[in-house]
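Below is one structure; the comments refer to it alone.
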Amino acid sequence: MKIVYMGTPDFAVPPLKSLVEAGYDIPLVVTQPDRARGRGKKVTFSPVKQAAIHLGKGMQMSQPEKIKDNEEFCDMLTKLAPDLIVVCAYGMILPKNILDIPRLGCINIHASLLPRYRGAAPIERAVAAGDAITGVTIMHMAEGLDTGDMISKAELETGDKDAGTVTDELSILGATLLIDTIPHIADGTAVSEPQDDRFSTYASMLSKDDAHIDFHQPADKVLAQIRGMNPRPGSYAMLDEKKLRIIKAVTFSDDPEPVNAAPGTILSADKDGIKVSAEDHAITITAIQLPGKNPVHVADYLRGNQIEIGIILK
């Protein structure tokens, strides 16, 4: 089977590696153009491009600035005549003229249990919402945003993991599910299920407002928001006029005592962390980052700094 692979970030690397290891013919990898990243604005390759170069296997690379109304790119794919196009976090919507090229169609590895969390940030939205279970869905691609028929799913327990950890685990899970699913697509035994739009939700791109912690909600919701926004864009609250990035936070115990202080009030600061009131109970912030500084455990920060008790994080 001849497969064209389209993906860009770290999340899309394990599925590519799995396809190569499984022996599929991948004549072309499509990824986003090289971009200037970081403070130094150094031009870097996407993780998928780096992986493809490392894997070798004669894979060609294409990095179009756009694919809609791109006749040259469309002609290239048509001449290549792939049996299947596999898409994973590529970053551009495929137009109909490209969707129609492969004999077996185009499939997408989407990081949610569709129809929940269609859109750009399904993992972060699921974790921030406090969902106990999330997963991946392999779906046929249609012209709508993540609206195609579902082929297969795999679930993952989120526990107290942050979005970064869940992303890593879902990437591996998606790679395994892909290898299990492709043979059924190839021999015609795959069973597709239409999505029920009544249960769909939209996972919009994250903003800085999403990362701003609201302590005027129950402690479990605060913790879920912190986990969902880490590592990117990074949850934060304002300490006086400084942005205090919250790297990690926990509850004090399985049965925390109610607090009467205003939400966001710093109740204590010691080696165990910064205890802050939420709407019902307190949470304990155990790792922080201040502007221009590296992330640090609260216990280490307090060795040379003080945090005023009674001040309110906003």
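Quick note on naming: the chains in the structure tokens go A, B, ... in the order shown, residues restart at 1 in each chain, and ligands are numbered from 1 in order of appearance.
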
Quick one: pick out all strand (DSSP E or B) residues within stretch 20-224 of chain A from a backbone DSSP run and write them as a PyMOL selection string. chain A and resi 25-30+35-37+42-44+60-62+84-88+106-110+118-119+133-140+150-157+193+202-203+212

Find the spatial neighbours of stretch 265-269 of chain A, counting only C-alpha atoms, within a cut-off of 10 Å - ignore same-chain residues fewer than 4 positions away - and output them as a PyMOL selection string. chain A and resi 215+239+259-261+273-278+282-286+298-299+302+306-314

Kindly save the residues from that selection, with N, CA and C atoms included, as a PDB file, in the first residue's frame.
```pdb
ATOM      1  N   PHE A 215      -9.923  31.430  40.336  1.00  0.00           N
ATOM      2  CA  PHE A 215     -10.066  30.760  41.627  1.00  0.00           C
ATOM      3  C   PHE A 215     -11.501  30.822  42.151  1.00  0.00           C
ATOM      4  N   LEU A 239       0.324  37.836  40.667  1.00  0.00           N
ATOM      5  CA  LEU A 239       0.809  38.044  42.034  1.00  0.00           C
ATOM      6  C   LEU A 239       1.314  39.482  42.104  1.00  0.00           C
ATOM      7  N   VAL A 259     -12.574  26.221  53.212  1.00  0.00           N
ATOM      8  CA  VAL A 259     -11.905  27.455  53.606  1.00  0.00           C
ATOM      9  C   VAL A 259     -12.888  28.604  53.498  1.00  0.00           C
ATOM     10  N   ASN A 260     -12.679  29.620  54.327  1.00  0.00           N
ATOM     11  CA  ASN A 260     -13.587  30.764  54.361  1.00  0.00           C
ATOM     12  C   ASN A 260     -12.986  32.020  53.730  1.00  0.00           C
ATOM     13  N   ALA A 261     -11.730  31.942  53.301  1.00  0.00           N
ATOM     14  CA  ALA A 261     -11.072  33.113  52.717  1.00  0.00           C
ATOM     15  C   ALA A 261     -11.582  33.357  51.300  1.00  0.00           C
ATOM     16  N   GLY A 273       4.405  23.944  49.699  1.00  0.00           N
ATOM     17  CA  GLY A 273       3.874  24.688  48.572  1.00  0.00           C
ATOM     18  C   GLY A 273       3.113  25.925  49.021  1.00  0.00           C
ATOM     19  N   ILE A 274       2.481  26.568  48.043  1.00  0.00           N
ATOM     20  CA  ILE A 274       1.675  27.762  48.318  1.00  0.00           C
ATOM     21  C   ILE A 274       0.220  27.337  48.388  1.00  0.00           C
ATOM     22  N   LYS A 275      -0.359  27.448  49.557  1.00  0.00           N
ATOM     23  CA  LYS A 275      -1.750  27.050  49.748  1.00  0.00           C
ATOM     24  C   LYS A 275      -2.657  28.229  49.407  1.00  0.00           C
ATOM     25  N   VAL A 276      -3.558  27.999  48.456  1.00  0.00           N
ATOM     26  CA  VAL A 276      -4.415  29.064  47.936  1.00  0.00           C
ATOM     27  C   VAL A 276      -5.872  28.617  47.999  1.00  0.00           C
ATOM     28  N   SER A 277      -6.745  29.532  48.421  1.00  0.00           N
ATOM     29  CA  SER A 277      -8.159  29.185  48.524  1.00  0.00           C
ATOM     30  C   SER A 277      -8.838  29.231  47.162  1.00  0.00           C
ATOM     31  N   ALA A 278      -9.698  28.256  46.931  1.00  0.00           N
ATOM     32  CA  ALA A 278     -10.591  28.285  45.781  1.00  0.00           C
ATOM     33  C   ALA A 278     -11.998  28.554  46.303  1.00  0.00           C
ATOM     34  N   ALA A 282      -9.027  24.489  49.432  1.00  0.00           N
ATOM     35  CA  ALA A 282      -7.727  25.051  49.046  1.00  0.00           C
ATOM     36  C   ALA A 282      -6.995  24.102  48.106  1.00  0.00           C
ATOM     37  N   ILE A 283      -6.162  24.681  47.280  1.00  0.00           N
ATOM     38  CA  ILE A 283      -5.217  23.891  46.500  1.00  0.00           C
ATOM     39  C   ILE A 283      -3.813  24.267  46.955  1.00  0.00           C
ATOM     40  N   THR A 284      -2.851  23.443  46.605  1.00  0.00           N
ATOM     41  CA  THR A 284      -1.456  23.733  46.942  1.00  0.00           C
ATOM     42  C   THR A 284      -0.630  23.788  45.670  1.00  0.00           C
ATOM     43  N   ILE A 285      -0.052  24.942  45.395  1.00  0.00           N
ATOM     44  CA  ILE A 285       0.814  25.120  44.233  1.00  0.00           C
ATOM     45  C   ILE A 285       2.213  24.668  44.617  1.00  0.00           C
ATOM     46  N   THR A 286       2.744  23.689  43.889  1.00  0.00           N
ATOM     47  CA  THR A 286       4.032  23.107  44.273  1.00  0.00           C
ATOM     48  C   THR A 286       5.191  23.506  43.366  1.00  0.00           C
ATOM     49  N   VAL A 298       8.387  25.276  44.690  1.00  0.00           N
ATOM     50  CA  VAL A 298       8.116  26.327  45.665  1.00  0.00           C
ATOM     51  C   VAL A 298       9.098  26.251  46.834  1.00  0.00           C
ATOM     52  N   ALA A 299       9.398  25.043  47.285  1.00  0.00           N
ATOM     53  CA  ALA A 299      10.329  24.888  48.406  1.00  0.00           C
ATOM     54  C   ALA A 299      11.675  25.517  48.081  1.00  0.00           C
ATOM     55  N   LEU A 302      11.383  29.467  48.007  1.00  0.00           N
ATOM     56  CA  LEU A 302      11.260  30.101  49.328  1.00  0.00           C
ATOM     57  C   LEU A 302      12.573  30.148  50.092  1.00  0.00           C
ATOM     58  N   GLN A 306      10.423  35.494  49.722  1.00  0.00           N
ATOM     59  CA  GLN A 306       9.257  35.418  50.594  1.00  0.00           C
ATOM     60  C   GLN A 306       7.994  35.643  49.782  1.00  0.00           C
ATOM     61  N   ILE A 307       6.927  35.029  50.229  1.00  0.00           N
ATOM     62  CA  ILE A 307       5.600  35.245  49.631  1.00  0.00           C
ATOM     63  C   ILE A 307       4.668  35.719  50.738  1.00  0.00           C
ATOM     64  N   GLU A 308       4.029  36.847  50.517  1.00  0.00           N
ATOM     65  CA  GLU A 308       3.181  37.455  51.529  1.00  0.00           C
ATOM     66  C   GLU A 308       1.893  36.662  51.731  1.00  0.00           C
ATOM     67  N   ILE A 309       1.654  36.297  52.981  1.00  0.00           N
ATOM     68  CA  ILE A 309       0.422  35.577  53.327  1.00  0.00           C
ATOM     69  C   ILE A 309      -0.749  36.565  53.329  1.00  0.00           C
ATOM     70  N   GLY A 310      -1.877  36.127  52.813  1.00  0.00           N
ATOM     71  CA  GLY A 310      -3.068  36.971  52.807  1.00  0.00           C
ATOM     72  C   GLY A 310      -3.276  37.727  51.513  1.00  0.00           C
ATOM     73  N   ILE A 311      -2.238  37.805  50.676  1.00  0.00           N
ATOM     74  CA  ILE A 311      -2.403  38.483  49.386  1.00  0.00           C
ATOM     75  C   ILE A 311      -3.257  37.623  48.474  1.00  0.00           C
ATOM     76  N   ILE A 312      -3.945  38.232  47.538  1.00  0.00           N
ATOM     77  CA  ILE A 312      -4.859  37.491  46.683  1.00  0.00           C
ATOM     78  C   ILE A 312      -4.280  37.372  45.268  1.00  0.00           C
ATOM     79  N   LEU A 313      -4.233  36.145  44.798  1.00  0.00           N
ATOM     80  CA  LEU A 313      -3.853  35.894  43.409  1.00  0.00           C
ATOM     81  C   LEU A 313      -5.051  36.217  42.521  1.00  0.00           C
ATOM     82  N   LYS A 314      -4.813  37.010  41.489  1.00  0.00           N
ATOM     83  CA  LYS A 314      -5.914  37.427  40.624  1.00  0.00           C
ATOM     84  C   LYS A 314      -5.686  36.966  39.187  1.00  0.00           C
TER      85      LYS A 314
END
```

Which polymer residues have any atom within 9 Å of an atom of stretch 167-184 of chain A, counting only C-alpha atoms, with same-chain residues fewer than 2 positions away left out, as an MDAnalysis selection string? chainID A and resid 10:19 22 109:112 123:124 134:138 151:156 162:165 186:191

Need the shell around stretch 82-92 of chain A: protein/DNA/RNA residues with any atom at most 9 Å away, counting only C-alpha atoms. Skip same-chain ones fewer than 4 positions apart. Format as a ChimeraX atom specification? /A:1-9,11-13,15,26-27,30-32,66-68,77-78,99,101-111,120,141,186

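Separating atom CA of A:Lys41 from atom CA of A:Ile246 is a distance of 25.9 Å.
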
Where in stretch 175-259 of chain A does DSSP assign helix (DSSP H, G or I), given as a count of residues only? 30
